[in-house]
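See below for the structure under consideration.
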Amino acid sequence: MWQFFHKLGSPKWFFGIATRFMPWLLAIGIILLLAGLVWGLAFAPKDYLQGNSYRIIFIHVPTAFLAQSIYIMMASAAVVTLVWRMKLADVFVKTVAPVGLVFTFLSLFTGAVWGKPTWGTWWVWDARLTSMLILLFLYGGAIALDRAINDEKSAARAVAVLVLVGVVNIPIIKYSVEWWNTLHQPATFKLTEKPSMPVEMWVPLLLSVLGLYLLFGWLACLRMKTEIVMREQKTRWVRELVMAGRG
Amino acid sequence: MNADRRPALKPVSESVGPIAAMAAVFARDVRVAFRQRQDLLNPLLFFIMVVTLFPLGVSPEVAFLKQSGAGILWVAALLSVLLSLDHLFRHDFDDGTLEQLVLQPQPLFLLVLAKTAAHWVLTGLPLVLLAPVLGVMVHLDGNSIAILCLTLLIGTPVLSMIGAIGAALTLGLRSAGVLLSLLIIPLYIPVLIFGTGTVAAAAEGAPVGGYLALMGAFLVLAVTLSPFASAAALRISLSNS
């Protein structure tokens, strides 16, 4: 266990393991996402109330899932940065923040597109929507702070503090639809209950959520590898890697 | 800035208890502020001017002002606190006082708490005291003004506490001012929502106890947790320079 933990701190070890896992993440992710999307968009039954417009759920929910999960992952990595000063945690927070920003934007955007036919408006200032907008700002703030500080280590630790402070927003997003009467419908998936939609709807949704998670894993590995190579460019193993790639 | 008019931080030995050290830091910050009175006035003037913009820029009609007056005052107060945050650690950072604070044997988070408390007394409290006058100018009735002042009284310390984290994180950076706003405004939004929500509920005659209790919870949370984050951020910023 501890040996694994120590290995995780080594960028070189991570580089090797990531290279080995990445094709699998990519392949399975694409298959699941495509299966979920094709099934959901083309074959799943129509919603009796919303007709075909509900089908955007197969994109909206996975992106919203990722938007929140990425922040939680960043916060966990931030704890690791502050407590154990692990290099890989710094790299993770830094490289994943823009991805989280994009997913948050996508979920807001698809939500707006979905809101127009069902609620009759692009945007309402409702608790769930507002708290997701705050999440977007938090991602933006973390990225801005990271760019503003030149020293890598200080930047990582400052961003870690900021990310941890912003964690208060996550439960607010999660429970906003239960605490307040909002337009937004309650959570689609819960661990403890059966989904309130028919099997033909939630299975493709689950597939696309899982597929997007795997694709995020692939993208995170790719971005982390790039960042590692840039940071460790003066070390021997990176030079050997680059020379081998050239030859 | 005239450096020799700033009283030096007296060396505090280990025999001084944490409370006494906090009192010393608090007293010093207040004394420094009163030797540069303009810095004290600026956020207040800003507060008044921002509030003035709304009747002139949107509508001077009584109905509009009655409805949105509390929100305008809250936003203006939030912005003036934000504006004043840059001073919270900046001067002490520039002349090295901050490093001495970090080196004190007393826990840093307590000293940061004292500094933030001084910041609130010097900027937040005057805003609360000025709010009734501006409340009358935007045609709020007596009850709404009382509730508004109460929410500002509970809310502005939260603004100072959260703001201290941002001020500590952006210390010594080039574009600190704008960056500070980017980092802090998202965290201010909940306070703003509940602050104006309380006044709106009071205007409709609904009970405000729940809202005030929630704001009180924000305050307790901010006072207990944010000094740790600010202290950690200060150490990071100092190790950076």
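Here, A, B, ... name the chains of the structure tokens in the order displayed, residue numbers run from 1 inside each chain, and ligands are numbered from 1 in the same displayed order.
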Starting from chain B, keep only residues with some atom at most 8 Å from an atom of chain A, counting only C-alpha atoms, and report them as a list in words.
-> Leu169, Thr170, Leu173, Arg174, Ser175, Leu179, Leu182, Leu183, Pro186, Leu187, Ala229, Ala232, Ala233, Ile236, Ser237, Ser239 and Asn240 of chain B
Those same residues, written as a PDB file, in the first residue's frame with C-alpha atoms?
```pdb
ATOM      1  CA  LEU B 169      -3.353  34.459  -1.863  1.00  0.00           C
ATOM      2  CA  THR B 170      -2.785  37.357  -4.269  1.00  0.00           C
ATOM      3  CA  LEU B 173       1.309  39.421  -7.518  1.00  0.00           C
ATOM      4  CA  ARG B 174       1.361  41.892 -10.384  1.00  0.00           C
ATOM      5  CA  SER B 175      -2.332  42.059 -11.244  1.00  0.00           C
ATOM      6  CA  LEU B 179      -7.351  38.707  -9.639  1.00  0.00           C
ATOM      7  CA  LEU B 182     -12.084  37.079  -9.634  1.00  0.00           C
ATOM      8  CA  LEU B 183     -11.228  34.758  -6.757  1.00  0.00           C
ATOM      9  CA  PRO B 186     -17.848  33.730  -6.407  1.00  0.00           C
ATOM     10  CA  LEU B 187     -17.433  33.118  -2.683  1.00  0.00           C
ATOM     11  CA  ALA B 229      -6.917  29.323   5.175  1.00  0.00           C
ATOM     12  CA  ALA B 232      -1.791  29.085   5.106  1.00  0.00           C
ATOM     13  CA  ALA B 233      -2.117  31.426   2.128  1.00  0.00           C
ATOM     14  CA  ILE B 236       2.663  30.438   0.738  1.00  0.00           C
ATOM     15  CA  SER B 237       2.778  34.030  -0.510  1.00  0.00           C
ATOM     16  CA  SER B 239       7.690  31.846   0.714  1.00  0.00           C
ATOM     17  CA  ASN B 240       7.048  32.882  -2.877  1.00  0.00           C
TER      18      ASN B 240
END
```
Where in range 9-185 of chain B does DSSP assign helix (DSSP H, G or I), given as a ChimeraX atom specification?
-> /B:18-35,37-57,62-84,86-94,97-103,108-137,142-169,176-185
Can you pull out every residue within 12 Å of Lys116 in chain A, counting only C-alpha atoms, but drop anything in the same chain fewer than 5 positions away, and send it as a PyMOL selection string?
-> chain A and resi 50+53-54+56+109-111+121-124
Filtering to C-alpha atoms, could you give me those residues as a PDB file, in the first residue's frame?
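And here is the file that came out, result32.pdb:
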```pdb
ATOM      1  CA  GLN A  50     -41.256  16.542 -23.270  1.00  0.00           C
ATOM      2  CA  SER A  53     -36.398  17.465 -26.575  1.00  0.00           C
ATOM      3  CA  TYR A  54     -35.531  15.492 -23.432  1.00  0.00           C
ATOM      4  CA  ILE A  56     -30.300  16.264 -24.616  1.00  0.00           C
ATOM      5  CA  PHE A 109     -24.950  25.433 -22.311  1.00  0.00           C
ATOM      6  CA  THR A 110     -26.831  22.184 -22.878  1.00  0.00           C
ATOM      7  CA  GLY A 111     -29.016  23.083 -19.902  1.00  0.00           C
ATOM      8  CA  THR A 121     -36.497  30.420 -21.301  1.00  0.00           C
ATOM      9  CA  TRP A 122     -32.757  30.078 -21.791  1.00  0.00           C
ATOM     10  CA  TRP A 123     -31.894  30.960 -18.253  1.00  0.00           C
ATOM     11  CA  VAL A 124     -33.521  31.280 -14.860  1.00  0.00           C
TER      12      VAL A 124
END
```
Atom pair CA of Ala64 in chain A + CA of Ile173 in chain A, distance 10.6 Å
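Remark: for Ser176 in chain A, the closest of the candidate residues A:Ala220, A:Leu33, A:Ala127, A:Ile228 is A:Ala127 (distances computed over only C-alpha atoms).
For the choices B:Leu225, B:Gly142, B:Gly209, B:Ala23, the atom-to-atom distance to Ala114 in chain B is smallest for B:Ala23 when using only C-alpha atoms.
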Nearby residues (only C-alpha atoms) at most 12 Å from Phe54 in chain B, same-chain spacing under 3 positions excluded, as a list in words | Phe47, Ile48, Met49, Val50, Val51, Gly57, Val58, Ser59, Pro60, Glu61, Phe64, Leu65, Ser68, Gly69, Ala70, Gly71, Ile72, Leu73, Val75, Ala76, Leu134, Met137 and Val138 of chain B
Could you take the residues named above and write them with N, CA and C atoms, as a PDB file, in the first residue's frame?
```pdb
ATOM      1  N   PHE B  47     -18.642  53.622  -1.619  1.00  0.00           N
ATOM      2  CA  PHE B  47     -19.958  53.070  -1.272  1.00  0.00           C
ATOM      3  C   PHE B  47     -21.058  54.057  -1.666  1.00  0.00           C
ATOM      4  N   ILE B  48     -20.904  55.314  -1.244  1.00  0.00           N
ATOM      5  CA  ILE B  48     -21.925  56.326  -1.536  1.00  0.00           C
ATOM      6  C   ILE B  48     -22.055  56.533  -3.043  1.00  0.00           C
ATOM      7  N   MET B  49     -20.904  56.584  -3.731  1.00  0.00           N
ATOM      8  CA  MET B  49     -20.947  56.875  -5.162  1.00  0.00           C
ATOM      9  C   MET B  49     -21.594  55.743  -5.953  1.00  0.00           C
ATOM     10  N   VAL B  50     -21.284  54.495  -5.590  1.00  0.00           N
ATOM     11  CA  VAL B  50     -21.900  53.380  -6.315  1.00  0.00           C
ATOM     12  C   VAL B  50     -23.408  53.407  -6.127  1.00  0.00           C
ATOM     13  N   VAL B  51     -23.854  53.675  -4.891  1.00  0.00           N
ATOM     14  CA  VAL B  51     -25.300  53.741  -4.650  1.00  0.00           C
ATOM     15  C   VAL B  51     -25.917  54.870  -5.474  1.00  0.00           C
ATOM     16  N   GLY B  57     -28.530  55.988 -13.074  1.00  0.00           N
ATOM     17  CA  GLY B  57     -28.311  55.160 -14.257  1.00  0.00           C
ATOM     18  C   GLY B  57     -29.502  54.305 -14.636  1.00  0.00           C
ATOM     19  N   VAL B  58     -30.276  53.847 -13.639  1.00  0.00           N
ATOM     20  CA  VAL B  58     -31.381  52.946 -13.965  1.00  0.00           C
ATOM     21  C   VAL B  58     -32.712  53.698 -13.934  1.00  0.00           C
ATOM     22  N   SER B  59     -33.096  54.129 -12.757  1.00  0.00           N
ATOM     23  CA  SER B  59     -34.380  54.829 -12.660  1.00  0.00           C
ATOM     24  C   SER B  59     -34.492  55.482 -11.287  1.00  0.00           C
ATOM     25  N   PRO B  60     -34.880  56.767 -11.230  1.00  0.00           N
ATOM     26  CA  PRO B  60     -35.055  57.417  -9.914  1.00  0.00           C
ATOM     27  C   PRO B  60     -36.454  57.220  -9.351  1.00  0.00           C
ATOM     28  N   GLU B  61     -37.265  56.366  -9.974  1.00  0.00           N
ATOM     29  CA  GLU B  61     -38.639  56.200  -9.506  1.00  0.00           C
ATOM     30  C   GLU B  61     -38.692  55.528  -8.147  1.00  0.00           C
ATOM     31  N   PHE B  64     -39.215  51.632  -8.088  1.00  0.00           N
ATOM     32  CA  PHE B  64     -38.023  50.827  -8.408  1.00  0.00           C
ATOM     33  C   PHE B  64     -37.051  50.812  -7.233  1.00  0.00           C
ATOM     34  N   LEU B  65     -36.815  52.005  -6.662  1.00  0.00           N
ATOM     35  CA  LEU B  65     -35.824  52.102  -5.588  1.00  0.00           C
ATOM     36  C   LEU B  65     -36.282  51.336  -4.347  1.00  0.00           C
ATOM     37  N   SER B  68     -35.558  47.606  -5.171  1.00  0.00           N
ATOM     38  CA  SER B  68     -34.192  47.118  -5.338  1.00  0.00           C
ATOM     39  C   SER B  68     -33.186  47.841  -4.440  1.00  0.00           C
ATOM     40  N   GLY B  69     -33.665  48.732  -3.581  1.00  0.00           N
ATOM     41  CA  GLY B  69     -32.741  49.504  -2.746  1.00  0.00           C
ATOM     42  C   GLY B  69     -31.816  48.639  -1.907  1.00  0.00           C
ATOM     43  N   ALA B  70     -32.400  47.610  -1.264  1.00  0.00           N
ATOM     44  CA  ALA B  70     -31.589  46.760  -0.392  1.00  0.00           C
ATOM     45  C   ALA B  70     -30.504  46.053  -1.197  1.00  0.00           C
ATOM     46  N   GLY B  71     -30.876  45.573  -2.381  1.00  0.00           N
ATOM     47  CA  GLY B  71     -29.901  44.894  -3.230  1.00  0.00           C
ATOM     48  C   GLY B  71     -28.784  45.826  -3.653  1.00  0.00           C
ATOM     49  N   ILE B  72     -29.173  47.065  -4.018  1.00  0.00           N
ATOM     50  CA  ILE B  72     -28.171  48.047  -4.438  1.00  0.00           C
ATOM     51  C   ILE B  72     -27.185  48.310  -3.307  1.00  0.00           C
ATOM     52  N   LEU B  73     -27.726  48.510  -2.097  1.00  0.00           N
ATOM     53  CA  LEU B  73     -26.851  48.801  -0.960  1.00  0.00           C
ATOM     54  C   LEU B  73     -25.927  47.626  -0.661  1.00  0.00           C
ATOM     55  N   VAL B  75     -24.883  45.278  -2.810  1.00  0.00           N
ATOM     56  CA  VAL B  75     -23.856  45.161  -3.850  1.00  0.00           C
ATOM     57  C   VAL B  75     -22.786  46.232  -3.650  1.00  0.00           C
ATOM     58  N   ALA B  76     -23.229  47.449  -3.343  1.00  0.00           N
ATOM     59  CA  ALA B  76     -22.273  48.531  -3.157  1.00  0.00           C
ATOM     60  C   ALA B  76     -21.352  48.246  -1.967  1.00  0.00           C
ATOM     61  N   LEU B 134     -28.219  56.085   3.514  1.00  0.00           N
ATOM     62  CA  LEU B 134     -28.440  55.743   2.113  1.00  0.00           C
ATOM     63  C   LEU B 134     -29.763  55.006   1.926  1.00  0.00           C
ATOM     64  N   MET B 137     -32.306  57.450   1.424  1.00  0.00           N
ATOM     65  CA  MET B 137     -32.195  58.054   0.094  1.00  0.00           C
ATOM     66  C   MET B 137     -32.788  57.173  -0.995  1.00  0.00           C
ATOM     67  N   VAL B 138     -32.795  55.835  -0.792  1.00  0.00           N
ATOM     68  CA  VAL B 138     -33.430  54.966  -1.794  1.00  0.00           C
ATOM     69  C   VAL B 138     -34.835  54.567  -1.357  1.00  0.00           C
TER      70      VAL B 138
END
```
Counting only C-alpha atoms, what are the residues of range 3-53 of chain A within 8 Å of range 203-207 of chain A, and for each of them which pair of atoms is the nearest and at what distance in Å, to one decimal? Sort the table by chain and rising number, as CSV.
```
residue,atom,partner,partner_atom,distance
A:Leu32,CA,A:Leu207,CA,5.5
A:Leu33,CA,A:Leu207,CA,6.3
A:Ala35,CA,A:Leu207,CA,7.1
A:Gly36,CA,A:Pro204,CA,4.2
A:Leu37,CA,A:Pro204,CA,6.9
A:Trp39,CA,A:Pro204,CA,6.0
A:Gly40,CA,A:Pro204,CA,5.5
```
Residue selection dump (C-alpha atoms) as an mmCIF file, in the first residue's frame:
```cif
data_model
loop_
_atom_site.group_PDB
_atom_site.id
_atom_site.type_symbol
_atom_site.label_atom_id
_atom_site.label_comp_id
_atom_site.auth_asym_id
_atom_site.auth_seq_id
_atom_site.Cartn_x
_atom_site.Cartn_y
_atom_site.Cartn_z
ATOM 1 C CA LEU A 32 -19.426 3.258 -24.060
ATOM 2 C CA LEU A 33 -20.068 6.876 -24.978
ATOM 3 C CA ALA A 35 -23.260 3.166 -27.399
ATOM 4 C CA GLY A 36 -24.952 5.381 -24.835
ATOM 5 C CA LEU A 37 -25.410 8.287 -27.226
ATOM 6 C CA TRP A 39 -29.007 4.254 -28.010
ATOM 7 C CA GLY A 40 -30.218 7.336 -26.204
#
```
